[in-house]
$ cat final34.txt   # compact mmCIF, C-alpha atoms
# COMPACT_ATOMS: atom_id res chain seq x y z
CA MET O 53 67.25 16.40 49.53
CA PRO O 54 63.66 15.19 49.56
CA LEU O 55 61.15 17.38 47.78
CA LEU O 56 59.15 17.86 50.98
CA ALA O 57 62.20 19.24 52.76
CA GLU O 58 62.92 21.66 49.92
CA ILE O 59 59.33 22.92 49.90
CA MET O 60 59.37 23.37 53.68
CA VAL O 61 62.61 25.33 53.55
CA LEU O 62 61.19 27.59 50.84
CA ALA O 63 58.01 28.06 52.87
CA LEU O 64 60.01 29.05 55.95
CA ILE O 65 62.13 31.48 53.94
CA ALA O 66 59.01 33.04 52.42
CA TYR O 67 57.44 33.25 55.87
CA ALA O 68 60.52 34.85 57.38
CA ILE O 69 60.69 37.44 54.61
CA GLY O 70 56.97 38.08 54.88
CA PHE O 71 57.07 38.33 58.66
CA GLY O 72 60.08 40.62 58.59
CA LEU O 73 58.56 42.91 55.97
CA GLY O 74 55.21 42.98 57.75
CA PHE O 75 56.84 43.75 61.05
CA PHE O 76 58.92 46.52 59.47
CA ILE O 77 55.91 48.12 57.80
CA TRP O 78 53.79 47.82 60.91
CA ASN O 79 56.46 49.53 63.00
CA ARG O 80 56.98 52.27 60.41
CA ASP O 81 53.27 53.13 60.54
CA LYS O 82 53.49 53.41 64.28
CA LYS O 83 56.49 55.76 63.86
CA ASP O 84 56.57 57.09 67.35
CA GLY O 85 55.62 53.80 69.04
CA MET S 19 46.45 50.25 72.45
CA ALA S 20 45.54 47.03 74.22
CA LEU S 21 45.69 44.88 71.11
CA SER S 22 49.18 46.00 70.11
CA SER S 23 50.54 45.46 73.61
CA ILE S 24 49.09 41.94 73.62
CA VAL S 25 50.72 41.28 70.27
CA MET S 26 54.08 42.65 71.40
CA ALA S 27 54.03 40.47 74.49
CA SER S 28 53.31 37.25 72.64
CA ARG S 29 55.51 37.96 69.62
CA PRO S 30 57.52 34.77 69.93
CA LEU S 31 54.32 32.72 70.08
CA ILE S 32 52.96 34.42 66.98
CA LEU S 33 56.26 33.84 65.22
CA ALA S 34 56.21 30.16 66.11
CA ALA S 35 52.56 29.75 65.17
CA GLY S 36 53.22 31.39 61.82
CA ALA S 37 56.18 29.13 61.14
CA LEU S 38 54.11 26.06 61.95
CA ALA S 39 51.35 27.28 59.66
CA ALA S 40 53.89 27.78 56.86
CA LEU S 41 55.20 24.24 57.37
CA ALA S 42 51.66 22.84 57.40
CA ILE S 43 50.83 24.63 54.14
CA ALA S 44 54.09 23.30 52.65
CA ALA S 45 53.29 19.74 53.67
CA ALA S 46 49.75 20.00 52.29
CA SER S 47 51.00 21.42 48.97
CA HIS S 48 53.58 18.66 48.75
CA ALA S 49 50.97 15.96 49.29
CA ALA S 50 48.68 17.49 46.70
CA LEU S 51 51.07 18.61 43.98
CA SER S 52 54.41 16.78 44.21
CA PRO S 53 53.37 13.43 42.66
CA ALA S 54 52.20 15.20 39.52
CA LEU S 55 55.40 17.28 39.41
CA VAL S 56 57.61 14.22 39.75
CA ALA S 57 55.62 12.38 37.07
CA GLU S 58 56.24 15.34 34.77
CA LEU S 59 59.97 15.31 35.58
CA GLU S 60 60.11 11.56 34.93
CA ALA S 61 58.52 12.04 31.53
CA ARG S 62 60.99 14.79 30.60
CA ALA S 63 63.94 12.73 31.80
CA ALA S 64 62.72 9.72 29.79
CA GLU S 65 62.71 11.90 26.67
CA VAL S 66 66.32 12.84 27.28
CA THR S 67 67.67 9.38 28.10
CA GLU S 68 65.58 7.39 25.57
CA GLY S 69 65.76 4.40 27.92
CA ALA S 70 69.57 4.22 28.00
CA VAL S 71 69.64 4.60 31.79
CA ALA S 72 66.98 4.23 34.48
CA VAL S 73 65.99 7.45 36.26
CA HIS S 74 64.40 7.32 39.74
CA PHE S 75 63.16 10.46 41.39
CA ARG S 76 63.44 9.11 44.92
CA THR S 77 65.91 9.55 47.74
CA GLY S 78 67.60 6.56 49.36
CA ASN S 79 64.73 6.49 51.86
CA GLY S 80 62.10 6.33 49.15
CA LEU S 81 60.89 9.94 49.49
CA LEU S 82 60.06 11.94 46.39
CA SER S 83 62.92 14.10 45.15
CA ARG S 84 63.85 16.47 42.32
CA HIS S 85 67.33 14.96 42.29
CA PRO S 86 67.22 11.69 40.34
CA GLU S 87 69.25 8.58 40.96
CA LEU S 88 70.57 7.13 37.72
CA SER S 89 71.26 3.46 37.30
CA GLY S 90 72.10 1.08 34.50
CA GLY S 91 74.15 2.09 31.49
CA GLN S 92 77.22 0.14 32.63
CA ASP S 93 78.03 -0.70 29.03
CA LEU S 94 78.05 2.91 28.01
CA HIS S 95 81.27 4.86 27.53
CA PRO S 96 81.94 7.04 30.61
CA ASP S 97 81.77 10.18 28.44
CA GLU S 98 78.33 9.10 27.28
CA ARG S 99 77.25 8.56 30.88
CA ARG S 100 78.48 12.06 31.78
CA ARG S 101 76.69 13.55 28.78
CA LEU S 102 73.43 11.86 29.79
CA ALA S 103 73.76 13.06 33.40
CA ARG S 104 74.43 16.62 32.21
CA ALA S 105 71.51 16.51 29.78
CA ILE S 106 69.20 15.31 32.53
CA SER S 107 70.35 18.02 34.94
CA GLU S 108 69.70 20.68 32.30
CA VAL S 109 66.01 19.82 32.09
CA PRO S 110 64.12 22.67 33.86
CA GLY S 111 62.94 21.48 37.26
CA ILE S 112 65.34 18.57 37.61
CA GLY S 113 68.04 19.01 40.24
CA GLY S 114 71.38 17.20 40.47
CA PRO S 115 71.47 13.60 39.21
CA HIS S 116 73.73 11.06 40.88
CA TRP S 117 74.66 7.53 39.88
CA ARG S 118 73.65 4.56 41.94
CA ARG S 119 76.57 2.67 43.45
CA GLU S 120 77.07 -0.22 41.06
CA ASP S 121 75.43 -3.43 42.11
CA ARG S 122 78.54 -5.55 42.65
CA ARG S 123 76.77 -8.90 42.47
CA GLN S 124 75.15 -8.08 39.15
CA THR S 125 78.49 -6.99 37.70
CA ALA S 126 80.21 -10.11 39.01
CA ARG S 127 77.60 -12.29 37.34
CA ALA S 128 77.99 -10.42 34.07
CA ALA S 129 81.76 -10.78 34.29
CA ALA S 130 81.49 -14.51 34.95
CA GLY S 131 79.33 -14.95 31.86
CA ASP S 132 81.49 -12.92 29.51
CA PRO S 133 85.25 -13.52 29.47
CA LEU S 134 85.92 -10.21 27.77
CA PHE S 135 83.72 -8.20 30.12
CA CYS S 136 86.55 -6.36 31.84
CA GLU S 137 88.61 -5.92 28.67
CA ARG S 138 85.67 -4.34 26.90
CA ARG S 139 84.90 -2.03 29.80
CA ILE S 140 88.53 -0.88 29.94
CA GLU S 141 88.59 -0.42 26.19
CA ALA S 142 85.54 1.81 26.49
CA ILE S 143 87.21 3.83 29.27
CA LEU S 144 90.47 4.24 27.36
CA LYS S 145 88.84 4.85 23.97
CA SER S 146 89.11 8.61 24.11
CA ARG S 147 91.32 9.09 27.15
CA SER S 148 94.75 7.72 27.85
CA ILE S 149 96.93 7.17 30.88
CA ARG S 150 99.52 9.92 30.65
CA PHE S 151 103.07 10.08 31.84
CA ALA S 152 105.60 12.89 32.19
CA GLU S 153 107.64 13.41 29.01
CA GLY S 154 110.23 10.65 28.57
CA SER S 155 109.67 9.30 32.07
CA GLU S 156 107.57 6.72 33.85
CA LYS S 157 106.09 9.24 36.31
CA LEU S 158 102.32 9.17 36.10
CA ASP S 159 100.68 12.45 35.23
CA PRO S 160 98.46 13.51 38.17
CA THR S 161 95.53 13.98 35.80
CA SER S 162 95.52 10.23 35.18
CA ALA S 163 94.57 9.48 38.79
CA ALA S 164 90.82 9.64 38.14
CA LEU S 165 91.23 7.52 35.02
CA LEU S 166 93.13 4.90 36.99
CA ASP S 167 90.34 4.88 39.59
CA GLU S 168 87.93 4.00 36.80
CA VAL S 169 90.20 1.31 35.38
CA ALA S 170 90.61 -0.24 38.83
CA GLU S 171 86.84 -0.22 39.29
CA ALA S 172 86.39 -1.88 35.90
CA LEU S 173 88.95 -4.56 36.75
CA LYS S 174 87.45 -5.49 40.13
CA PRO S 175 84.96 -8.08 38.80
CA CYS S 176 87.83 -9.91 37.08
CA VAL S 177 90.05 -10.16 40.16
CA GLY S 178 91.34 -13.72 40.48
CA GLY S 179 92.27 -13.95 36.82
CA ARG S 180 95.51 -12.75 35.24
CA ILE S 181 95.64 -9.41 33.51
CA ALA S 182 98.56 -8.14 31.45
CA ILE S 183 99.50 -4.46 31.46
CA ILE S 184 101.33 -3.75 28.23
CA GLY S 185 103.27 -0.54 27.70
CA HIS S 186 103.81 0.84 24.20
CA THR S 187 105.81 3.81 22.95
CA ASP S 188 106.12 5.60 19.66
CA ASP S 189 109.01 5.04 17.28
CA THR S 190 111.18 8.06 18.18
CA GLY S 191 114.49 7.31 19.87
CA ASP S 192 116.43 4.19 20.73
CA PRO S 193 114.21 1.05 20.47
CA GLU S 194 115.83 -0.60 23.51
CA ALA S 195 115.35 2.54 25.61
CA ASN S 196 111.74 2.69 24.45
CA ARG S 197 111.16 -0.91 25.45
CA ALA S 198 112.63 -0.33 28.88
CA LEU S 199 110.60 2.86 29.34
CA SER S 200 107.37 1.16 28.28
CA GLU S 201 108.04 -1.63 30.79
CA ARG S 202 108.71 0.87 33.59
CA ARG S 203 105.49 2.71 32.70
CA ALA S 204 103.50 -0.51 32.76
CA GLU S 205 105.04 -1.27 36.17
CA ARG S 206 103.95 2.15 37.46
CA VAL S 207 100.42 1.47 36.28
CA ARG S 208 100.53 -1.93 38.00
CA ARG S 209 101.56 -0.29 41.29
CA ALA S 210 98.91 2.40 40.89
CA LEU S 211 96.24 -0.25 40.38
CA ALA S 212 97.56 -2.30 43.31
CA ARG S 213 97.14 0.80 45.50
CA ARG S 214 93.54 0.91 44.30
CA GLY S 215 92.74 -2.62 45.40
CA ILE S 216 93.67 -4.87 42.48
CA PRO S 217 95.98 -7.62 43.83
CA ALA S 218 99.44 -7.02 42.38
CA GLY S 219 99.82 -10.78 41.85
CA ASP S 220 97.01 -10.69 39.29
CA LEU S 221 98.78 -8.10 37.19
CA MET S 222 101.53 -8.99 34.76
CA VAL S 223 103.70 -6.30 33.24
CA GLU S 224 105.18 -6.16 29.76
CA GLY S 225 106.98 -3.48 27.78
CA LYS S 226 106.71 -3.77 24.00
CA GLY S 227 108.40 -0.47 23.18
CA SER S 228 107.63 0.60 19.62
CA GLN S 229 107.14 -2.93 18.26
CA GLU S 230 103.37 -2.75 17.99
CA PRO S 231 102.17 0.61 16.72
CA ILE S 232 98.42 1.10 16.42
CA ALA S 233 97.22 -0.36 13.12
CA GLY S 234 96.95 2.31 10.48
CA LEU S 235 98.99 4.89 12.38
CA ASP S 236 102.42 6.22 11.58
CA PRO S 237 104.82 4.54 14.08
CA THR S 238 106.19 7.92 15.14
CA ASP S 239 102.70 9.19 16.00
CA PRO S 240 102.65 10.06 19.73
CA ALA S 241 99.26 8.36 19.99
CA ASN S 242 101.23 5.11 19.98
CA ARG S 243 102.40 5.96 23.49
CA ARG S 244 99.76 3.97 25.36
CA ILE S 245 98.97 1.37 27.97
CA GLU S 246 96.90 -1.63 26.97
CA PHE S 247 95.25 -4.27 29.14
CA GLU S 248 94.78 -7.87 28.17
CA LEU S 249 92.95 -10.59 30.07
CA LEU S 250 95.24 -13.65 30.07
CA GLN S 251 93.24 -15.92 32.26
CA LYS S 252 89.70 -15.68 33.53
CA ALA S 253 89.01 -15.81 37.25
CA PRO S 254 88.06 -19.35 38.25
CA LEU S 255 84.30 -19.76 38.60
CA VAL S 256 83.14 -20.32 42.17
CA PRO S 257 80.96 -23.46 42.14
CA THR S 258 77.46 -23.00 43.52
CA ALA S 259 75.30 -25.65 45.14
CA VAL S 260 73.52 -26.20 41.80
CA ASP S 261 76.80 -27.06 40.04
CA THR S 262 77.93 -29.58 42.63
CA PRO S 263 76.98 -33.08 41.44
CA GLY S 264 74.89 -35.13 43.85
CA ALA S 265 73.67 -32.09 45.79
CA GLY S 266 70.02 -32.08 47.03

$ encode --input "final34.txt" --output "C-alpha cells"
Amino acid sequence: MPLLAEIMVLALIAYAIGFGLGFFIWNRDKKDG
Amino acid sequence: MALSSIVMASRPLILAAGALAALAIAAASHAALSPALVAELEARAAEVTEGAVAVHFRTGNGLLSRHPELSGGQDLHPDERRRLARAISEVPGIGGPHWRREDRRQTARAAAGDPLFCERRIEAILKSRSIRFAEGSEKLDPTSAALLDEVAEALKPCVGGRIAIIGHTDDTGDPEANRALSERRAERVRRALARRGIPAGDLMVEGKGSQEPIAGLDPTDPANRRIEFELLQKAPLVPTAVDTPGAG
C-alpha cells in the first residue's frame, strides 16, 4: 500500500477516535440535553 | 442554546469537513516528511542486504511505500533470499518486502550465455532440500510441491534442450527393486514438472538405483535417496538479425 494511503487511513482513524471521544465528552457535560 | 442547535443540525457537515481536514493534514505531512523517511529506510535496508539484492521502496505505480520490492539475487540460494527478505522486514519501520517477478528476458539471456545456468540454479535449490517421496513408494510427498514449483521455474529458461531426471536410492534392499523404484520416482518428477509447464518431451528419465551413492557417503545412508537433474543438450540458440550473415 502506498505510504500516502497508509498515512491517510491513520489520520482518518485518529480523527474518528478524536471525534467520537469529543462528542461523548461534550454530551456528558450536557447531561440532561 | 442557539450555537449547540446549529451544531446539532449540521453535524454531518462538520463530520465531513473534519474528515477532509484530516486527509489534507495527512497529505501535507506525507509531502513534507515521507521522502526523508523512505531515504532512512533505504539506508537501513542497504545495511542489511550489503548490496546482495536491490531494494526499492516504491509501489508498482511509482508511489512511495514502506513495503519494498526486492529484485536481483537470482544466483542466491532460495534460503538465503528468504533470510534476506526476513532480515529486511525486521528492520523497524519497514513493512512487508516482496520479490519482483523475475525478468524473463534477462534470465533467458543469462541461460543462453551459460550452458550450466539451469543446472546450477537447480543445484542451489536442492542443496539443502530434497524432493521427498512416501516410504518405499514413488508417491510424491505433498510437501515437495513447492520445491517442484521452484525447480520448474528454474528449468523454464532451458526449455528446448534435453534434461535428464535421474533417480537414486540408498543401498538397502534388492538392487533391481531399487533401480525400478528410482526410475518410477524420476518418472513421477517428470510428470510433476510437465504439469508445471516443462514440456515432457524435453525431460528424460533414468533410474540408477543404488549404483551411484553420493561421494564420501555410506551407500546405505538415506541421504542417497535423491533426484538429480542433468542438462544433456542445450536449447538451440535463436538467431537474431545480427547473427544472420548478409543482413543490413

$ interface_residues --input "final34.txt" --of "chain S" --to "chain O" --cutoff "6 Å" --atoms "all atoms listed in the file" --output "list in words"
Ala40, Leu41, Ala44, Leu81, Leu82 and Ser83 of chain S

$ write_last_selection --input "final34.txt" --atoms "C-alpha atoms" --output "PDB file, in the coordinates of the input"
ATOM      1  CA  ALA S  40      53.890  27.780  56.860  1.00  0.00           C
ATOM      2  CA  LEU S  41      55.200  24.240  57.370  1.00  0.00           C
ATOM      3  CA  ALA S  44      54.090  23.300  52.650  1.00  0.00           C
ATOM      4  CA  LEU S  81      60.890   9.940  49.490  1.00  0.00           C
ATOM      5  CA  LEU S  82      60.060  11.940  46.390  1.00  0.00           C
ATOM      6  CA  SER S  83      62.920  14.100  45.150  1.00  0.00           C
TER       7      SER S  83
END

$ closest_residue --input "final34.txt" --among "S:Pro160, S:Ser89, S:Lys145, S:Ala103" --to "Arg119 in chain S" --atoms "all atoms listed in the file"
S:Ser89

$ residues_around --input "final34.txt" --residues "His116 in chain S" --least-positions-apart "6" --cutoff "8 Å" --atoms "all atoms listed in the file" --output "number ranges by chain"
S: 85-88, 103

$ atom_distance --input "final34.txt" --atom1 "CA of Gly154 in chain S" --atom2 "CA of Arg244 in chain S"
12.8 Å

$ atom_distance --input "final34.txt" --atom1 "CA of Thr67 in chain S" --atom2 "CA of Ser47 in chain S"
29.3 Å

$ atom_distance --input "final34.txt" --atom1 "CA of Lys174 in chain S" --atom2 "CA of Arg99 in chain S"
19.7 Å

$ residues_around --input "final34.txt" --residues "range 189-192 of chain S" --least-positions-apart "5" --cutoff "7 Å" --atoms "only C-alpha atoms" --output "list in words"
Ser228, Pro237 and Thr238 of chain S

$ axis_aligned_box --input "final34.txt" --around "range 227-230 of chain S" --padding-each-side "8 Å" --output "AutoDock Vina command-line options"
--center_x 105.9 --center_y -1.2 --center_z 20.6 --size_x 21.0 --size_y 19.5 --size_z 21.2

$ closest_residue --input "final34.txt" --among "S:Gly227, S:Gly78, S:Pro110, S:Pro217" --to "Ile245 in chain S" --atoms "only C-alpha atoms"
S:Gly227

$ residues_around --input "final34.txt" --residues "Ala164 in chain S" --least-positions-apart "4" --cutoff "12 Å" --atoms "all atoms listed in the file" --output "JSON, numbers by chain"
{"S": [96, 143, 147, 148, 149, 150, 158, 159, 160, 168, 169, 170, 171, 210, 211, 214]}

$ residues_around --input "final34.txt" --residues "range 58-62 of chain S" --least-positions-apart "3" --cutoff "8 Å" --atoms "only C-alpha atoms" --output "PDB file with C-alpha atoms, in the frame of the given file"
ATOM      1  CA  ALA S  54      52.200  15.200  39.520  1.00  0.00           C
ATOM      2  CA  LEU S  55      55.400  17.280  39.410  1.00  0.00           C
ATOM      3  CA  GLU S  65      62.710  11.900  26.670  1.00  0.00           C
ATOM      4  CA  VAL S  66      66.320  12.840  27.280  1.00  0.00           C
ATOM      5  CA  VAL S  73      65.990   7.450  36.260  1.00  0.00           C
ATOM      6  CA  HIS S  74      64.400   7.320  39.740  1.00  0.00           C
ATOM      7  CA  PHE S  75      63.160  10.460  41.390  1.00  0.00           C
ATOM      8  CA  ARG S  84      63.850  16.470  42.320  1.00  0.00           C
ATOM      9  CA  VAL S 109      66.010  19.820  32.090  1.00  0.00           C
ATOM     10  CA  GLY S 111      62.940  21.480  37.260  1.00  0.00           C
ATOM     11  CA  ILE S 112      65.340  18.570  37.610  1.00  0.00           C
TER      12      ILE S 112
END

$ decode --input "final34.txt" --residues "chain O" --atoms "C-alpha atoms" --output "JSON list (two decimals), in the first residue's frame"
[["chain", "number", "residue", "atom", "x", "y", "z"],
["O", 53, "MET", "CA", 0.00, 0.00, 0.00],
["O", 54, "PRO", "CA", 1.42, 3.42, -0.81],
["O", 55, "LEU", "CA", 2.71, 5.41, 2.13],
["O", 56, "LEU", "CA", 0.27, 8.23, 1.43],
["O", 57, "ALA", "CA", -2.67, 5.84, 1.69],
["O", 58, "GLU", "CA", -1.39, 4.43, 4.99],
["O", 59, "ILE", "CA", -0.96, 7.92, 6.45],
["O", 60, "MET", "CA", -4.44, 8.93, 5.31],
["O", 61, "VAL", "CA", -6.00, 5.85, 6.87],
["O", 62, "LEU", "CA", -4.22, 6.54, 10.15],
["O", 63, "ALA", "CA", -5.34, 10.17, 10.02],
["O", 64, "LEU", "CA", -8.95, 9.13, 9.49],
["O", 65, "ILE", "CA", -8.79, 6.62, 12.33],
["O", 66, "ALA", "CA", -7.29, 9.24, 14.64],
["O", 67, "TYR", "CA", -9.96, 11.71, 13.56],
["O", 68, "ALA", "CA", -12.75, 9.21, 14.13],
["O", 69, "ILE", "CA", -11.47, 8.38, 17.60],
["O", 70, "GLY", "CA", -10.99, 12.05, 18.40],
["O", 71, "PHE", "CA", -14.41, 13.00, 17.06],
["O", 72, "GLY", "CA", -16.10, 10.16, 18.91],
["O", 73, "LEU", "CA", -14.38, 10.97, 22.19],
["O", 74, "GLY", "CA", -15.07, 14.68, 21.82],
["O", 75, "PHE", "CA", -18.70, 14.05, 21.03],
["O", 76, "PHE", "CA", -19.02, 11.70, 24.01],
["O", 77, "ILE", "CA", -17.44, 14.19, 26.41],
["O", 78, "TRP", "CA", -19.46, 17.08, 25.05],
["O", 79, "ASN", "CA", -22.70, 15.14, 25.51],
["O", 80, "ARG", "CA", -21.72, 14.01, 29.01],
["O", 81, "ASP", "CA", -21.22, 17.64, 30.07],
["O", 82, "LYS", "CA", -24.65, 18.47, 28.78],
["O", 83, "LYS", "CA", -26.05, 15.55, 30.82],
["O", 84, "ASP", "CA", -29.67, 16.48, 30.59],
["O", 85, "GLY", "CA", -29.51, 17.75, 26.99]]
